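**Q** What follows is start.pdb, made up of PDB, C-alpha atoms:
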ATOM      1  CA  MET M  72       0.000   0.000   0.000  1.00  0.00           C
ATOM      2  CA  LYS M  73       2.807   2.405   0.905  1.00  0.00           C
ATOM      3  CA  LYS M  74       4.561   1.627  -2.384  1.00  0.00           C
ATOM      4  CA  LEU M  75       1.373   2.481  -4.260  1.00  0.00           C
ATOM      5  CA  VAL M  76       1.125   5.811  -2.444  1.00  0.00           C
ATOM      6  CA  VAL M  77       4.785   6.589  -3.173  1.00  0.00           C
ATOM      7  CA  VAL M  78       4.372   5.692  -6.858  1.00  0.00           C
ATOM      8  CA  LEU M  79       1.162   7.717  -7.045  1.00  0.00           C
ATOM      9  CA  GLY M  80       2.894  10.659  -5.385  1.00  0.00           C
ATOM     10  CA  ALA M  81       5.815  10.432  -7.822  1.00  0.00           C
ATOM     11  CA  LEU M  82       3.446  10.312 -10.788  1.00  0.00           C
ATOM     12  CA  LEU M  83       1.534  13.299  -9.459  1.00  0.00           C
ATOM     13  CA  MET M  84       4.766  15.230  -8.963  1.00  0.00           C
ATOM     14  CA  ALA M  85       5.847  14.395 -12.519  1.00  0.00           C
ATOM     15  CA  ALA M  86       2.457  15.458 -13.845  1.00  0.00           C
ATOM     16  CA  ALA M  87       2.680  18.636 -11.816  1.00  0.00           C
ATOM     17  CA  ALA M  88       5.988  19.537 -13.408  1.00  0.00           C
ATOM     18  CA  HIS M  89       4.548  19.258 -16.909  1.00  0.00           C
ATOM     19  CA  ALA M  90       1.028  20.542 -16.426  1.00  0.00           C
ATOM     20  CA  GLU M  91       1.663  23.435 -14.012  1.00  0.00           C
ATOM     21  CA  THR M  92      -0.362  21.567 -11.403  1.00  0.00           C
ATOM     22  CA  LYS M  93      -0.106  23.017  -7.911  1.00  0.00           C
ATOM     23  CA  ILE M  94       0.303  20.434  -5.140  1.00  0.00           C
ATOM     24  CA  GLY M  95       0.471  21.064  -1.412  1.00  0.00           C
ATOM     25  CA  PHE M  96       0.478  19.049   1.756  1.00  0.00           C
ATOM     26  CA  VAL M  97      -0.760  19.368   5.312  1.00  0.00           C
ATOM     27  CA  ASP M  98       0.512  17.674   8.463  1.00  0.00           C
ATOM     28  CA  MET M  99      -2.961  16.816   9.755  1.00  0.00           C
ATOM     29  CA  GLN M 100      -1.837  15.648  13.176  1.00  0.00           C
ATOM     30  CA  LYS M 101       0.062  18.874  13.792  1.00  0.00           C
ATOM     31  CA  ALA M 102      -2.806  20.929  12.382  1.00  0.00           C
ATOM     32  CA  ILE M 103      -5.415  19.284  14.598  1.00  0.00           C
ATOM     33  CA  GLN M 104      -3.260  19.467  17.726  1.00  0.00           C
ATOM     34  CA  SER M 105      -2.377  23.118  17.109  1.00  0.00           C
ATOM     35  CA  THR M 106      -5.936  24.418  16.948  1.00  0.00           C
ATOM     36  CA  SER M 107      -7.727  25.610  20.070  1.00  0.00           C
ATOM     37  CA  ALA M 108     -10.363  22.899  19.539  1.00  0.00           C
ATOM     38  CA  GLY M 109      -7.614  20.294  19.180  1.00  0.00           C
ATOM     39  CA  LYS M 110      -5.890  21.471  22.356  1.00  0.00           C
ATOM     40  CA  LYS M 111      -9.193  21.312  24.229  1.00  0.00           C
ATOM     41  CA  ALA M 112      -9.852  17.798  22.908  1.00  0.00           C
ATOM     42  CA  LYS M 113      -6.339  16.715  23.898  1.00  0.00           C
ATOM     43  CA  THR M 114      -6.828  18.041  27.440  1.00  0.00           C
ATOM     44  CA  GLU M 115     -10.182  16.280  27.742  1.00  0.00           C
ATOM     45  CA  LEU M 116      -8.690  13.063  26.412  1.00  0.00           C
ATOM     46  CA  GLU M 117      -5.724  13.256  28.796  1.00  0.00           C
ATOM     47  CA  THR M 118      -8.091  13.804  31.731  1.00  0.00           C
ATOM     48  CA  GLU M 119     -10.094  10.737  30.722  1.00  0.00           C
ATOM     49  CA  PHE M 120      -6.911   8.717  30.168  1.00  0.00           C
ATOM     50  CA  ASN M 121      -5.465   9.663  33.570  1.00  0.00           C
ATOM     51  CA  LYS M 122      -8.736   8.730  35.286  1.00  0.00           C
ATOM     52  CA  LYS M 123      -8.726   5.304  33.614  1.00  0.00           C
ATOM     53  CA  LYS M 124      -5.022   4.899  34.360  1.00  0.00           C
ATOM     54  CA  LYS M 125      -5.586   5.487  38.095  1.00  0.00           C
ATOM     55  CA  GLU M 126      -8.412   2.942  38.156  1.00  0.00           C
ATOM     56  CA  LEU M 127      -6.252   0.380  36.372  1.00  0.00           C
ATOM     57  CA  GLU M 128      -3.255   1.032  38.616  1.00  0.00           C
ATOM     58  CA  LYS M 129      -5.424   0.364  41.678  1.00  0.00           C
ATOM     59  CA  LYS M 130      -6.706  -2.897  40.187  1.00  0.00           C
ATOM     60  CA  GLU M 131      -3.160  -3.859  39.247  1.00  0.00           C
ATOM     61  CA  ALA M 132      -1.944  -3.178  42.799  1.00  0.00           C
ATOM     62  CA  ASP M 133      -4.818  -5.272  44.189  1.00  0.00           C
ATOM     63  CA  LEU M 134      -3.865  -8.129  41.868  1.00  0.00           C
ATOM     64  CA  LYS M 135      -0.225  -7.888  42.852  1.00  0.00           C
ATOM     65  CA  LYS M 136      -1.170  -8.035  46.532  1.00  0.00           C
ATOM     66  CA  MET M 137      -3.462 -10.988  45.840  1.00  0.00           C
ATOM     67  CA  GLY M 138      -0.616 -12.785  44.046  1.00  0.00           C
ATOM     68  CA  GLU M 139       1.828 -12.084  46.879  1.00  0.00           C
ATOM     69  CA  ASP M 140      -0.684 -13.322  49.473  1.00  0.00           C
ATOM     70  CA  LEU M 141      -1.241 -16.465  47.435  1.00  0.00           C
ATOM     71  CA  GLU M 142       2.516 -17.062  47.245  1.00  0.00           C
ATOM     72  CA  LYS M 143       2.907 -16.597  51.032  1.00  0.00           C
ATOM     73  CA  LYS M 144       0.049 -18.966  51.877  1.00  0.00           C
ATOM     74  CA  LYS M 145       1.042 -21.560  49.285  1.00  0.00           C
ATOM     75  CA  SER M 146       2.835 -23.804  51.752  1.00  0.00           C
ATOM     76  CA  VAL M 147       0.121 -23.755  54.443  1.00  0.00           C
ATOM     77  CA  LEU M 148      -2.953 -24.221  52.238  1.00  0.00           C
ATOM     78  CA  SER M 149      -4.318 -27.606  51.314  1.00  0.00           C
ATOM     79  CA  GLU M 150      -4.092 -28.610  47.690  1.00  0.00           C
ATOM     80  CA  ASP M 151      -7.836 -28.043  47.291  1.00  0.00           C
ATOM     81  CA  ALA M 152      -7.771 -24.581  48.901  1.00  0.00           C
ATOM     82  CA  LEU M 153      -4.671 -23.622  46.920  1.00  0.00           C
ATOM     83  CA  GLY M 154      -6.377 -24.670  43.696  1.00  0.00           C
ATOM     84  CA  LYS M 155      -9.399 -22.524  44.525  1.00  0.00           C
ATOM     85  CA  LYS M 156      -7.231 -19.511  45.403  1.00  0.00           C
ATOM     86  CA  GLN M 157      -5.249 -19.890  42.177  1.00  0.00           C
ATOM     87  CA  ALA M 158      -8.469 -20.144  40.178  1.00  0.00           C
ATOM     88  CA  GLU M 159      -9.759 -16.955  41.860  1.00  0.00           C
ATOM     89  CA  PHE M 160      -6.490 -15.215  41.070  1.00  0.00           C
ATOM     90  CA  GLN M 161      -6.652 -16.320  37.421  1.00  0.00           C
ATOM     91  CA  GLU M 162     -10.263 -15.123  37.190  1.00  0.00           C
ATOM     92  CA  GLU M 163      -9.311 -11.722  38.591  1.00  0.00           C
ATOM     93  CA  MET M 164      -6.415 -11.510  36.098  1.00  0.00           C
ATOM     94  CA  LEU M 165      -8.804 -12.216  33.227  1.00  0.00           C
ATOM     95  CA  LYS M 166     -11.213  -9.562  34.509  1.00  0.00           C
ATOM     96  CA  TYR M 167      -8.332  -7.082  34.730  1.00  0.00           C
ATOM     97  CA  ARG M 168      -7.218  -7.818  31.157  1.00  0.00           C
ATOM     98  CA  ASP M 169     -10.801  -7.400  29.996  1.00  0.00           C
ATOM     99  CA  VAL M 170     -11.056  -4.020  31.762  1.00  0.00           C
ATOM    100  CA  VAL M 171      -7.727  -2.920  30.204  1.00  0.00           C
ATOM    101  CA  GLY M 172      -8.969  -3.870  26.731  1.00  0.00           C
ATOM    102  CA  LYS M 173     -12.292  -2.113  27.223  1.00  0.00           C
ATOM    103  CA  SER M 174     -10.535   0.987  28.554  1.00  0.00           C
ATOM    104  CA  GLN M 175      -8.311   1.157  25.483  1.00  0.00           C
ATOM    105  CA  VAL M 176     -11.330   0.846  23.187  1.00  0.00           C
ATOM    106  CA  GLU M 177     -13.182   3.558  25.151  1.00  0.00           C
ATOM    107  CA  ILE M 178     -10.218   5.949  24.934  1.00  0.00           C
ATOM    108  CA  GLN M 179      -9.879   5.338  21.192  1.00  0.00           C
ATOM    109  CA  LYS M 180     -13.612   5.932  20.696  1.00  0.00           C
ATOM    110  CA  LYS M 181     -13.445   9.106  22.770  1.00  0.00           C
ATOM    111  CA  GLU M 182     -10.508  10.319  20.671  1.00  0.00           C
ATOM    112  CA  ARG M 183     -12.448   9.657  17.445  1.00  0.00           C
ATOM    113  CA  ASP M 184     -15.533  11.396  18.854  1.00  0.00           C
ATOM    114  CA  LEU M 185     -13.515  14.441  19.884  1.00  0.00           C
ATOM    115  CA  THR M 186     -11.468  14.762  16.693  1.00  0.00           C
ATOM    116  CA  ALA M 187     -14.152  13.908  14.103  1.00  0.00           C
ATOM    117  CA  PRO M 188     -15.800  17.378  14.151  1.00  0.00           C
ATOM    118  CA  ILE M 189     -12.376  19.047  14.063  1.00  0.00           C
ATOM    119  CA  LEU M 190     -11.357  16.893  11.112  1.00  0.00           C
ATOM    120  CA  GLU M 191     -14.573  17.660   9.211  1.00  0.00           C
ATOM    121  CA  LYS M 192     -14.104  21.397   9.661  1.00  0.00           C
ATOM    122  CA  MET M 193     -10.408  21.047   8.782  1.00  0.00           C
ATOM    123  CA  LYS M 194     -11.298  19.328   5.487  1.00  0.00           C
ATOM    124  CA  LYS M 195     -13.613  22.209   4.585  1.00  0.00           C
ATOM    125  CA  VAL M 196     -10.886  24.742   5.407  1.00  0.00           C
ATOM    126  CA  ILE M 197      -8.400  22.803   3.271  1.00  0.00           C
ATOM    127  CA  ALA M 198     -10.851  22.627   0.374  1.00  0.00           C
ATOM    128  CA  LYS M 199     -11.397  26.396   0.572  1.00  0.00           C
ATOM    129  CA  ILE M 200      -7.645  27.088   0.595  1.00  0.00           C
ATOM    130  CA  ALA M 201      -7.178  24.721  -2.350  1.00  0.00           C
ATOM    131  CA  LYS M 202      -9.887  26.457  -4.342  1.00  0.00           C
ATOM    132  CA  ASP M 203      -8.784  30.002  -3.432  1.00  0.00           C
ATOM    133  CA  LYS M 204      -5.089  29.373  -4.098  1.00  0.00           C
ATOM    134  CA  GLY M 205      -5.458  27.153  -7.171  1.00  0.00           C
ATOM    135  CA  TYR M 206      -4.231  23.860  -5.750  1.00  0.00           C
ATOM    136  CA  SER M 207      -5.138  20.775  -7.774  1.00  0.00           C
ATOM    137  CA  LEU M 208      -4.160  18.425  -4.994  1.00  0.00           C
ATOM    138  CA  ILE M 209      -3.453  18.692  -1.289  1.00  0.00           C
ATOM    139  CA  MET M 210      -2.031  15.564   0.300  1.00  0.00           C
ATOM    140  CA  GLU M 211      -1.635  14.577   3.907  1.00  0.00           C
ATOM    141  CA  ASN M 212       2.005  14.706   4.899  1.00  0.00           C
ATOM    142  CA  ASN M 213       2.959  11.296   6.132  1.00  0.00           C
ATOM    143  CA  GLN M 214       5.880   8.985   5.593  1.00  0.00           C
ATOM    144  CA  ALA M 215       4.949   8.590   1.906  1.00  0.00           C
ATOM    145  CA  VAL M 216       5.992  12.183   1.074  1.00  0.00           C
ATOM    146  CA  LEU M 217       9.717  11.901   0.491  1.00  0.00           C
ATOM    147  CA  TYR M 218      10.340  15.480  -0.574  1.00  0.00           C
ATOM    148  CA  ALA M 219       8.356  18.677  -0.869  1.00  0.00           C
ATOM    149  CA  THR M 220       9.400  22.283  -1.107  1.00  0.00           C
ATOM    150  CA  PRO M 221       8.782  24.319   2.045  1.00  0.00           C
ATOM    151  CA  ASP M 222       6.182  26.467   0.276  1.00  0.00           C
ATOM    152  CA  SER M 223       4.162  23.303  -0.408  1.00  0.00           C
ATOM    153  CA  ASP M 224       3.557  22.899   3.328  1.00  0.00           C
ATOM    154  CA  LEU M 225       0.164  24.451   4.024  1.00  0.00           C
ATOM    155  CA  THR M 226      -0.091  23.291   7.645  1.00  0.00           C
ATOM    156  CA  ASP M 227       0.385  26.680   9.308  1.00  0.00           C
ATOM    157  CA  GLU M 228      -1.943  28.356   6.819  1.00  0.00           C
ATOM    158  CA  VAL M 229      -4.613  25.717   7.480  1.00  0.00           C
ATOM    159  CA  ILE M 230      -4.284  26.210  11.252  1.00  0.00           C
ATOM    160  CA  LYS M 231      -4.705  29.990  10.900  1.00  0.00           C
ATOM    161  CA  ALA M 232      -7.684  29.617   8.564  1.00  0.00           C
ATOM    162  CA  TYR M 233      -9.266  27.037  10.887  1.00  0.00           C
ATOM    163  CA  GLU M 234      -8.999  29.379  13.854  1.00  0.00           C
ATOM    164  CA  LYS M 235     -10.637  32.196  11.852  1.00  0.00           C
ATOM    165  CA  GLU M 236     -13.586  29.926  10.967  1.00  0.00           C
ATOM    166  CA  LYS M 237     -15.552  30.082  14.217  1.00  0.00           C
TER     167      LYS M 237
END
Written as structure tokens, how would this file's structure read?
**A**
Amino acid sequence: MKKLVVVLGALLMAAAAHAETKIGFVDMQKAIQSTSAGKKAKTELETEFNKKKKELEKKEADLKKMGEDLEKKKSVLSEDALGKKQAEFQEEMLKYRDVVGKSQVEIQKKERDLTAPILEKMKKVIAKIAKDKGYSLIMENNQAVLYATPDSDLTDEVIKAYEKEK
């Protein structure tokens, strides 16, 4: 897939050289994170993440204590009681892993929910800049862009235009 994007980019650059096509790029991650809405979303997401992290750290500490207690009592418990305690410990570990997985999914969903409106508005701003400035193509700057002239980078311009669009 990356090779296809690189080849496509090279073909577009070659076409641009011959057809006077204007191509630009935007670092979308930087653009989103640099807007006031993006900063607010990041703060909200970090607050949510830290809350989940504290909950998980407490559960992890409880599990560690449970494991240490089980290890200490190993020699004094009957085989039956030890088996039950180990099964309880395993069950708690599975519950913890499930909570970790669900927390990760929730954080990812929250991030999508917070950034989706910013991204939609950003796309409209980019389209307006492209139309106003005569760009035929504006690409997202990612690892597939191997070279671009500094004046092709529209990131700062997009951020400024986004902030003006209230």
**Q** One number please: CA of Met137 in chain M to CA of Ala158 in chain M, in Å, one decimal.
**A** 11.9 Å
**Q** Just checking: using all atoms listed in the file, which residue out of M:Glu91, M:Glu150, M:Glu234, M:Asp98 ends up closest to Asn212 in chain M?
**A**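 Checking each candidate against Asn212 in chain M, we get M:Asp98 as the closest.
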**Q** Please list as a ChimeraX atom specification every residue within 12 Å of Lys135 in chain M, counting all atoms listed in the file and excluding residues in the same chain fewer than 6 positions away.
**A** /M:128-129,141-142,160-161,163-164,167
**Q** Kindly compute an axis-aligned box around the listed atoms of range 147-156 of chain M, allowing 3 Å on each side, and express its centre and edge lengths in Å to one decimal as AutoDock Vina command-line options.
**A**
--center_x -4.6 --center_y -24.1 --center_z 49.1 --size_x 15.5 --size_y 15.1 --size_z 16.7
**Q** Between CA of Ser174 in chain M and CA of Glu126 in chain M, what is the spacing in Å?
**A** 10.0 Å
**Q** Taking all atoms listed in the file into account, which of M:Lys181, M:Lys155, M:Lys130, M:Lys93 comes nearest Thr118 in chain M?
**A**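 Nearest candidate to Thr118 in chain M out of M:Lys181, M:Lys155, M:Lys130, M:Lys93: M:Lys181.
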**Q** Env of range 101-103 of chain M: 8 Å cut, atoms = all atoms listed in the file, seq-sep filter 5 positions within chain, self excluded. Answer as a PyMOL selection string.
**A** chain M and resi 108-109+186+189-190+193+226-227+229-230
**Q** Next, write the just-selected residues to a file, as a tab-separated table (two decimals), in the coordinates of the input, keeping C-alpha atoms as the atom set.
**A**
chain	number	residue	atom	x	y	z
M	108	ALA	CA	-10.36	22.90	19.54
M	109	GLY	CA	-7.61	20.29	19.18
M	186	THR	CA	-11.47	14.76	16.69
M	189	ILE	CA	-12.38	19.05	14.06
M	190	LEU	CA	-11.36	16.89	11.11
M	193	MET	CA	-10.41	21.05	8.78
M	226	THR	CA	-0.09	23.29	7.64
M	227	ASP	CA	0.38	26.68	9.31
M	229	VAL	CA	-4.61	25.72	7.48
M	230	ILE	CA	-4.28	26.21	11.25
**Q** How many Å lie between CA of Asp203 in chain M and CA of Leu185 in chain M, rounded to one decimal?
**A** 28.4 Å
**Q** How would you write, as a ChimeraX atom specification, the residues chosen by the PyMOL selection byres ((chain M and resi 220) around 12) on this structure?
**A** /M:84,93-96,216-219,221-225
**Q** Just the selected residues (C-alpha atoms), exported as an mmCIF file, keeping the file's coordinate frame, please.
**A**
data_model
loop_
_atom_site.group_PDB
_atom_site.id
_atom_site.type_symbol
_atom_site.label_atom_id
_atom_site.label_comp_id
_atom_site.auth_asym_id
_atom_site.auth_seq_id
_atom_site.Cartn_x
_atom_site.Cartn_y
_atom_site.Cartn_z
ATOM 1 C CA MET M 84 4.766 15.230 -8.963
ATOM 2 C CA LYS M 93 -0.106 23.017 -7.911
ATOM 3 C CA ILE M 94 0.303 20.434 -5.140
ATOM 4 C CA GLY M 95 0.471 21.064 -1.412
ATOM 5 C CA PHE M 96 0.478 19.049 1.756
ATOM 6 C CA VAL M 216 5.992 12.183 1.074
ATOM 7 C CA LEU M 217 9.717 11.901 0.491
ATOM 8 C CA TYR M 218 10.340 15.480 -0.574
ATOM 9 C CA ALA M 219 8.356 18.677 -0.869
ATOM 10 C CA PRO M 221 8.782 24.319 2.045
ATOM 11 C CA ASP M 222 6.182 26.467 0.276
ATOM 12 C CA SER M 223 4.162 23.303 -0.408
ATOM 13 C CA ASP M 224 3.557 22.899 3.328
ATOM 14 C CA LEU M 225 0.164 24.451 4.024
#
**Q** From the list M:Asn213, M:Glu236, M:Lys194, M:Asp151, which residue is nearest Gln100 in chain M when using all atoms listed in the file?
**A**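 Under the stated criterion, the closest residue is M:Asn213.
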**Q** May I have the protein, DNA and RNA residues with any atom at most 9 Å from the point (-10.1, 18.3, -1.0), counting only C-alpha atoms, written as a list in words?
**A**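 The answer, in the requested form, is Lys194, Lys195, Ile197, Ala198, Lys199, Ala201, Lys202, Ser207, Leu208, Ile209 and Met210 of chain M.
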**Q** Of the candidates M:Lys166, M:Lys192, M:Lys156, M:Lys113, which one gets nearest to Leu127 in chain M if we count all atoms listed in the file?
**A**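 Residue with the minimum atom-to-atom distance to Leu127 in chain M: M:Lys166.
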